[in-house]
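Worksheet for the structure shown next.
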Amino acid sequence: MLTPGFAFAGDAVEFARGEVTISTQTGDHIFDVEIARTPTQHARGLMFRESMRSDEGMLFVFDSPREVAMWMKNTLISLDMIFVNAAGKIIRVAHDTTPMSEVTIPSGGPSKAVVELNAGTAARIGVQAGDRVFFPPKSR
């Protein structure tokens with residue numbers, strides 16, 4: 001479980017960028033993502049963002065696979081959360097999360113990564129458990 005952190009709107013957190021490819025029955029879909037690797041980056045995530053382009057997202061990467069729980073505290077936009085195991089397979093999709101909610105959203109199994117996209121994107125591109133996610137080697 002991610003330990004909830006405290007983040008304030010004025011706190012600056014820097015993220016590296018990369019590309020994530022999600023391979024579904026509808027094809028390969030590429031997203032430009034910010035990469036959250038550190039506890040500070042994990043705590044901040046997409047908090048306080050008012051919008052995000054349709055081809056953007058965030059990739060949370062963990063040192064080792066583990067049960068993960070995410071939340072939407074201070075997150076102003078609804079998101080889809082895609083939980084990915086160490087083999088790059090999607091184990092769970094949480095659709096249309098509730099902005100500003102402090103309810104935790106569990107991974108449903110050991111996760112190596114979580115991809116956050118704008119709400120509705122996972123349904124639009126047909127993301128399902130068992131689909132594959134490819135992300136930059138430096139992120140692993």
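Each chain in the structure tokens gets a letter, A, B, ..., in the order shown, and its residues are numbered from 1; ligands are numbered from 1 in order too.
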
**In segment 24-135 of chain A, DSSP strand (DSSP E or B) residues written as a PyMOL selection string** = chain A and resi 24+27-36+56-66+69-70+79-84+89-94+105-106+111-118+132-134

**DSSP alpha helix (DSSP H) residues within segment 14-116 of chain A, as a list in words** = Pro39, Thr40, Gln41, His42, Ala43 and Arg44 of chain A

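Candidate residues A:Ala129, A:Ala12, A:Ala43, A:Met100 were compared for distance to Leu76 of chain A, and the nearest is A:Met100, using only C-alpha atoms.
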
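Closest approach to Pro106 of chain A among A:Val93, A:Gly57, A:Pro136, A:Glu19: A:Val93, based on only C-alpha atoms.
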
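Pairwise distance (atom CA of His29 of chain A, atom CA of Ser101 of chain A) equals 28.1 Å.
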
**Request:** Could you tell me how far atom CA of Ile82 of chain A lies from atom CA of Val20 of chain A, in Å and to one decimal?
**Result:** 11.8 Å

I'd like the neighbourhood of Met72 of chain A as a PDB file with N, CA, C and O atoms, in the first residue's frame, where a residue qualifies if any of its atoms comes within 10 Å (using only C-alpha atoms), though same-chain residues fewer than 6 positions away should be ignored.
```pdb
ATOM      1  N   GLY A  45       1.932  12.483  -7.344  1.00  0.00           N
ATOM      2  CA  GLY A  45       1.168  12.007  -8.495  1.00  0.00           C
ATOM      3  C   GLY A  45       0.589  13.141  -9.323  1.00  0.00           C
ATOM      4  O   GLY A  45       1.264  14.109  -9.631  1.00  0.00           O
ATOM      5  N   LEU A  46      -0.675  13.016  -9.674  1.00  0.00           N
ATOM      6  CA  LEU A  46      -1.358  14.021 -10.493  1.00  0.00           C
ATOM      7  C   LEU A  46      -2.185  15.005  -9.669  1.00  0.00           C
ATOM      8  O   LEU A  46      -3.082  15.666 -10.195  1.00  0.00           O
ATOM      9  N   MET A  47      -1.853  15.132  -8.397  1.00  0.00           N
ATOM     10  CA  MET A  47      -2.577  16.079  -7.543  1.00  0.00           C
ATOM     11  C   MET A  47      -2.526  17.494  -8.110  1.00  0.00           C
ATOM     12  O   MET A  47      -1.519  17.898  -8.688  1.00  0.00           O
ATOM     13  N   SER A  78     -10.891  13.177 -12.908  1.00  0.00           N
ATOM     14  CA  SER A  78     -11.179  11.751 -12.821  1.00  0.00           C
ATOM     15  C   SER A  78     -10.171  10.987 -13.665  1.00  0.00           C
ATOM     16  O   SER A  78      -9.775  11.427 -14.748  1.00  0.00           O
ATOM     17  N   LEU A  79      -9.750   9.837 -13.175  1.00  0.00           N
ATOM     18  CA  LEU A  79      -8.725   9.037 -13.842  1.00  0.00           C
ATOM     19  C   LEU A  79      -9.162   7.593 -14.001  1.00  0.00           C
ATOM     20  O   LEU A  79     -10.014   7.106 -13.261  1.00  0.00           O
ATOM     21  N   THR A  97     -12.342   7.037 -11.696  1.00  0.00           N
ATOM     22  CA  THR A  97     -12.193   7.272 -10.258  1.00  0.00           C
ATOM     23  C   THR A  97     -12.772   8.635  -9.871  1.00  0.00           C
ATOM     24  O   THR A  97     -12.887   9.527 -10.692  1.00  0.00           O
ATOM     25  N   THR A  98     -13.120   8.759  -8.610  1.00  0.00           N
ATOM     26  CA  THR A  98     -13.788   9.958  -8.102  1.00  0.00           C
ATOM     27  C   THR A  98     -12.772  11.008  -7.661  1.00  0.00           C
ATOM     28  O   THR A  98     -11.980  10.756  -6.748  1.00  0.00           O
ATOM     29  N   PRO A  99     -12.781  12.177  -8.300  1.00  0.00           N
ATOM     30  CA  PRO A  99     -11.857  13.239  -7.883  1.00  0.00           C
ATOM     31  C   PRO A  99     -12.004  13.568  -6.400  1.00  0.00           C
ATOM     32  O   PRO A  99     -13.100  13.528  -5.851  1.00  0.00           O
ATOM     33  N   MET A 100     -10.876  13.851  -5.771  1.00  0.00           N
ATOM     34  CA  MET A 100     -10.770  14.310  -4.383  1.00  0.00           C
ATOM     35  C   MET A 100     -11.113  13.223  -3.347  1.00  0.00           C
ATOM     36  O   MET A 100     -11.091  13.484  -2.154  1.00  0.00           O
ATOM     37  N   SER A 101     -11.394  12.009  -3.772  1.00  0.00           N
ATOM     38  CA  SER A 101     -11.776  10.941  -2.847  1.00  0.00           C
ATOM     39  C   SER A 101     -10.570  10.418  -2.070  1.00  0.00           C
ATOM     40  O   SER A 101      -9.475  10.294  -2.616  1.00  0.00           O
ATOM     41  N   GLU A 102     -10.800  10.094  -0.802  1.00  0.00           N
ATOM     42  CA  GLU A 102      -9.766   9.480   0.019  1.00  0.00           C
ATOM     43  C   GLU A 102      -9.976   7.978   0.161  1.00  0.00           C
ATOM     44  O   GLU A 102      -9.267   7.312   0.912  1.00  0.00           O
ATOM     45  N   VAL A 103     -10.942   7.431  -0.572  1.00  0.00           N
ATOM     46  CA  VAL A 103     -11.171   5.989  -0.578  1.00  0.00           C
ATOM     47  C   VAL A 103     -10.021   5.340  -1.343  1.00  0.00           C
ATOM     48  O   VAL A 103      -9.667   5.785  -2.436  1.00  0.00           O
ATOM     49  N   THR A 104      -9.428   4.285  -0.774  1.00  0.00           N
ATOM     50  CA  THR A 104      -8.314   3.633  -1.445  1.00  0.00           C
ATOM     51  C   THR A 104      -8.820   2.691  -2.540  1.00  0.00           C
ATOM     52  O   THR A 104      -9.888   2.100  -2.429  1.00  0.00           O
ATOM     53  N   ILE A 105      -8.019   2.586  -3.574  1.00  0.00           N
ATOM     54  CA  ILE A 105      -8.325   1.751  -4.737  1.00  0.00           C
ATOM     55  C   ILE A 105      -7.237   0.689  -4.795  1.00  0.00           C
ATOM     56  O   ILE A 105      -6.087   0.983  -5.141  1.00  0.00           O
TER      57      ILE A 105
END
```

**Message:** So that I can check the surroundings of Phe60 of chain A, please list as an NGL selection string every protein, DNA and RNA residue that reaches within 7 Å of it, counting only C-alpha atoms and ignoring chain neighbours fewer than 2 positions away.
**Reply:** :A and (35-37 or 42 or 58 or 62 or 113-115)

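Every protein, DNA or RNA residue with an atom at most 12 Å from Ser64 of chain A, where only C-alpha atoms count and chain neighbours fewer than 6 positions away do not, is listed here: Arg37, Val84, Asn85, Ala86, Ala87, Pro110, Ser111, Lys112, Ala113, Ser139 and Arg140 of chain A.
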
Same residues, all heavy atoms, saved as a compact mmCIF listing (two decimals), in the first residue's frame:
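Resulting contents of selection_6.txt:
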```txt
# COMPACT_ATOMS: atom_id res chain seq x y z
N ARG A 37 8.85 7.62 -9.53
CA ARG A 37 9.65 6.51 -9.01
C ARG A 37 9.88 6.60 -7.50
O ARG A 37 10.01 5.60 -6.83
CB ARG A 37 11.02 6.49 -9.69
CG ARG A 37 11.02 6.14 -11.13
CD ARG A 37 12.47 6.07 -11.64
NE ARG A 37 12.51 5.88 -13.06
CZ ARG A 37 12.70 6.85 -13.94
NH1 ARG A 37 12.85 8.08 -13.55
NH2 ARG A 37 12.72 6.59 -15.22
N VAL A 84 -0.43 -2.97 -13.14
CA VAL A 84 0.38 -3.81 -14.02
C VAL A 84 1.33 -4.68 -13.16
O VAL A 84 2.00 -4.16 -12.27
CB VAL A 84 1.22 -2.93 -14.98
CG1 VAL A 84 2.02 -3.78 -15.94
CG2 VAL A 84 0.32 -1.93 -15.72
N ASN A 85 1.40 -5.98 -13.47
CA ASN A 85 2.30 -6.84 -12.71
C ASN A 85 3.72 -6.79 -13.27
O ASN A 85 4.00 -6.08 -14.24
CB ASN A 85 1.75 -8.28 -12.63
CG ASN A 85 1.79 -9.04 -13.94
OD1 ASN A 85 2.47 -8.67 -14.90
ND2 ASN A 85 1.05 -10.14 -13.99
N ALA A 86 4.63 -7.57 -12.68
CA ALA A 86 6.04 -7.52 -13.07
C ALA A 86 6.28 -8.02 -14.49
O ALA A 86 7.27 -7.66 -15.12
CB ALA A 86 6.88 -8.34 -12.08
N ALA A 87 5.36 -8.84 -15.01
CA ALA A 87 5.49 -9.35 -16.38
C ALA A 87 4.91 -8.38 -17.41
O ALA A 87 4.95 -8.65 -18.61
CB ALA A 87 4.78 -10.70 -16.48
N PRO A 110 -0.12 -8.29 -6.69
CA PRO A 110 1.17 -7.60 -6.70
C PRO A 110 1.35 -6.80 -7.99
O PRO A 110 1.23 -7.33 -9.09
CB PRO A 110 2.19 -8.73 -6.62
CG PRO A 110 1.44 -9.88 -6.03
CD PRO A 110 0.04 -9.74 -6.54
N SER A 111 1.66 -5.51 -7.83
CA SER A 111 1.84 -4.60 -8.97
C SER A 111 3.25 -4.07 -9.00
O SER A 111 3.81 -3.71 -7.96
CB SER A 111 0.87 -3.42 -8.87
OG SER A 111 -0.45 -3.86 -9.01
N LYS A 112 3.80 -3.98 -10.18
CA LYS A 112 5.11 -3.36 -10.40
C LYS A 112 4.93 -1.92 -10.83
O LYS A 112 5.80 -1.08 -10.65
CB LYS A 112 5.88 -4.14 -11.48
CG LYS A 112 7.19 -3.54 -11.91
CD LYS A 112 8.24 -3.58 -10.83
CE LYS A 112 9.57 -3.05 -11.37
NZ LYS A 112 10.49 -2.69 -10.35
N ALA A 113 3.72 -1.62 -11.40
CA ALA A 113 3.47 -0.27 -11.91
C ALA A 113 1.97 0.01 -11.94
O ALA A 113 1.15 -0.90 -11.92
CB ALA A 113 4.06 -0.13 -13.31
N SER A 139 12.64 2.80 -16.32
CA SER A 139 11.58 2.95 -15.33
C SER A 139 11.43 1.71 -14.48
O SER A 139 10.76 1.72 -13.47
CB SER A 139 10.24 3.22 -16.03
OG SER A 139 10.33 4.38 -16.79
N ARG A 140 11.97 0.61 -14.93
CA ARG A 140 11.73 -0.67 -14.26
C ARG A 140 12.56 -0.77 -13.06
O ARG A 140 13.08 -1.12 -12.34
CB ARG A 140 11.97 -1.81 -15.21
CG ARG A 140 10.99 -1.73 -16.34
CD ARG A 140 11.29 -2.73 -17.40
NE ARG A 140 10.47 -2.37 -18.54
CZ ARG A 140 9.90 -3.21 -19.34
NH1 ARG A 140 10.06 -4.48 -19.16
NH2 ARG A 140 9.19 -2.81 -20.34
```

**Spatial neighbours of Glu56 of chain A, 7 Å, only C-alpha atoms, chain gap at least 5 places, as number ranges by chain** = A: 31-33, 117

**Who sits within 10 Å of Ile125 of chain A, only C-alpha atoms, same chain under 3 positions skipped, as a ChimeraX atom specification** = /A:22-29,120-122,128

Those residues with N, CA, C and O atoms, as a PDB file, in the first residue's frame please?
```
ATOM      1  N   ILE A  22       0.267   0.711 -24.438  1.00  0.00           N
ATOM      2  CA  ILE A  22      -0.715  -0.255 -23.944  1.00  0.00           C
ATOM      3  C   ILE A  22      -1.231  -1.017 -25.159  1.00  0.00           C
ATOM      4  O   ILE A  22      -1.771  -0.417 -26.089  1.00  0.00           O
ATOM      5  N   SER A  23      -1.034  -2.330 -25.149  1.00  0.00           N
ATOM      6  CA  SER A  23      -1.420  -3.175 -26.260  1.00  0.00           C
ATOM      7  C   SER A  23      -2.737  -3.871 -25.929  1.00  0.00           C
ATOM      8  O   SER A  23      -2.808  -4.659 -24.985  1.00  0.00           O
ATOM      9  N   THR A  24      -3.786  -3.543 -26.701  1.00  0.00           N
ATOM     10  CA  THR A  24      -5.113  -4.108 -26.481  1.00  0.00           C
ATOM     11  C   THR A  24      -5.600  -4.754 -27.781  1.00  0.00           C
ATOM     12  O   THR A  24      -4.919  -4.699 -28.803  1.00  0.00           O
ATOM     13  N   GLN A  25      -6.800  -5.319 -27.749  1.00  0.00           N
ATOM     14  CA  GLN A  25      -7.373  -5.899 -28.966  1.00  0.00           C
ATOM     15  C   GLN A  25      -7.605  -4.843 -30.037  1.00  0.00           C
ATOM     16  O   GLN A  25      -7.732  -5.168 -31.212  1.00  0.00           O
ATOM     17  N   THR A  26      -7.653  -3.572 -29.651  1.00  0.00           N
ATOM     18  CA  THR A  26      -7.868  -2.498 -30.631  1.00  0.00           C
ATOM     19  C   THR A  26      -6.549  -1.947 -31.179  1.00  0.00           C
ATOM     20  O   THR A  26      -6.565  -1.018 -31.975  1.00  0.00           O
ATOM     21  N   GLY A  27      -5.416  -2.500 -30.735  1.00  0.00           N
ATOM     22  CA  GLY A  27      -4.119  -2.067 -31.239  1.00  0.00           C
ATOM     23  C   GLY A  27      -3.206  -1.571 -30.126  1.00  0.00           C
ATOM     24  O   GLY A  27      -3.502  -1.723 -28.939  1.00  0.00           O
ATOM     25  N   ASP A  28      -2.098  -0.980 -30.539  1.00  0.00           N
ATOM     26  CA  ASP A  28      -1.134  -0.401 -29.603  1.00  0.00           C
ATOM     27  C   ASP A  28      -1.443   1.077 -29.432  1.00  0.00           C
ATOM     28  O   ASP A  28      -1.633   1.793 -30.425  1.00  0.00           O
ATOM     29  N   HIS A  29      -1.469   1.521 -28.190  1.00  0.00           N
ATOM     30  CA  HIS A  29      -1.810   2.905 -27.871  1.00  0.00           C
ATOM     31  C   HIS A  29      -0.668   3.498 -27.066  1.00  0.00           C
ATOM     32  O   HIS A  29      -0.305   2.980 -26.007  1.00  0.00           O
ATOM     33  N   GLY A 120     -12.165   7.368 -18.794  1.00  0.00           N
ATOM     34  CA  GLY A 120     -12.804   7.009 -20.048  1.00  0.00           C
ATOM     35  C   GLY A 120     -11.843   6.483 -21.093  1.00  0.00           C
ATOM     36  O   GLY A 120     -12.253   5.842 -22.062  1.00  0.00           O
ATOM     37  N   THR A 121     -10.550   6.730 -20.910  1.00  0.00           N
ATOM     38  CA  THR A 121      -9.558   6.297 -21.892  1.00  0.00           C
ATOM     39  C   THR A 121      -9.459   4.781 -21.955  1.00  0.00           C
ATOM     40  O   THR A 121      -9.408   4.200 -23.048  1.00  0.00           O
ATOM     41  N   ALA A 122      -9.424   4.123 -20.804  1.00  0.00           N
ATOM     42  CA  ALA A 122      -9.301   2.662 -20.793  1.00  0.00           C
ATOM     43  C   ALA A 122     -10.471   2.013 -21.535  1.00  0.00           C
ATOM     44  O   ALA A 122     -10.268   1.086 -22.332  1.00  0.00           O
ATOM     45  N   GLN A 128      -8.270  -4.273 -20.963  1.00  0.00           N
ATOM     46  CA  GLN A 128      -8.811  -5.371 -20.158  1.00  0.00           C
ATOM     47  C   GLN A 128      -7.684  -6.037 -19.385  1.00  0.00           C
ATOM     48  O   GLN A 128      -6.519  -5.973 -19.794  1.00  0.00           O
TER      49      GLN A 128
END
```

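For the residues A:Leu59, A:Met52, A:Ala123, A:Ile91, ranking by smallest atom-to-atom distance to Thr21 of chain A using only C-alpha atoms places A:Leu59 first.
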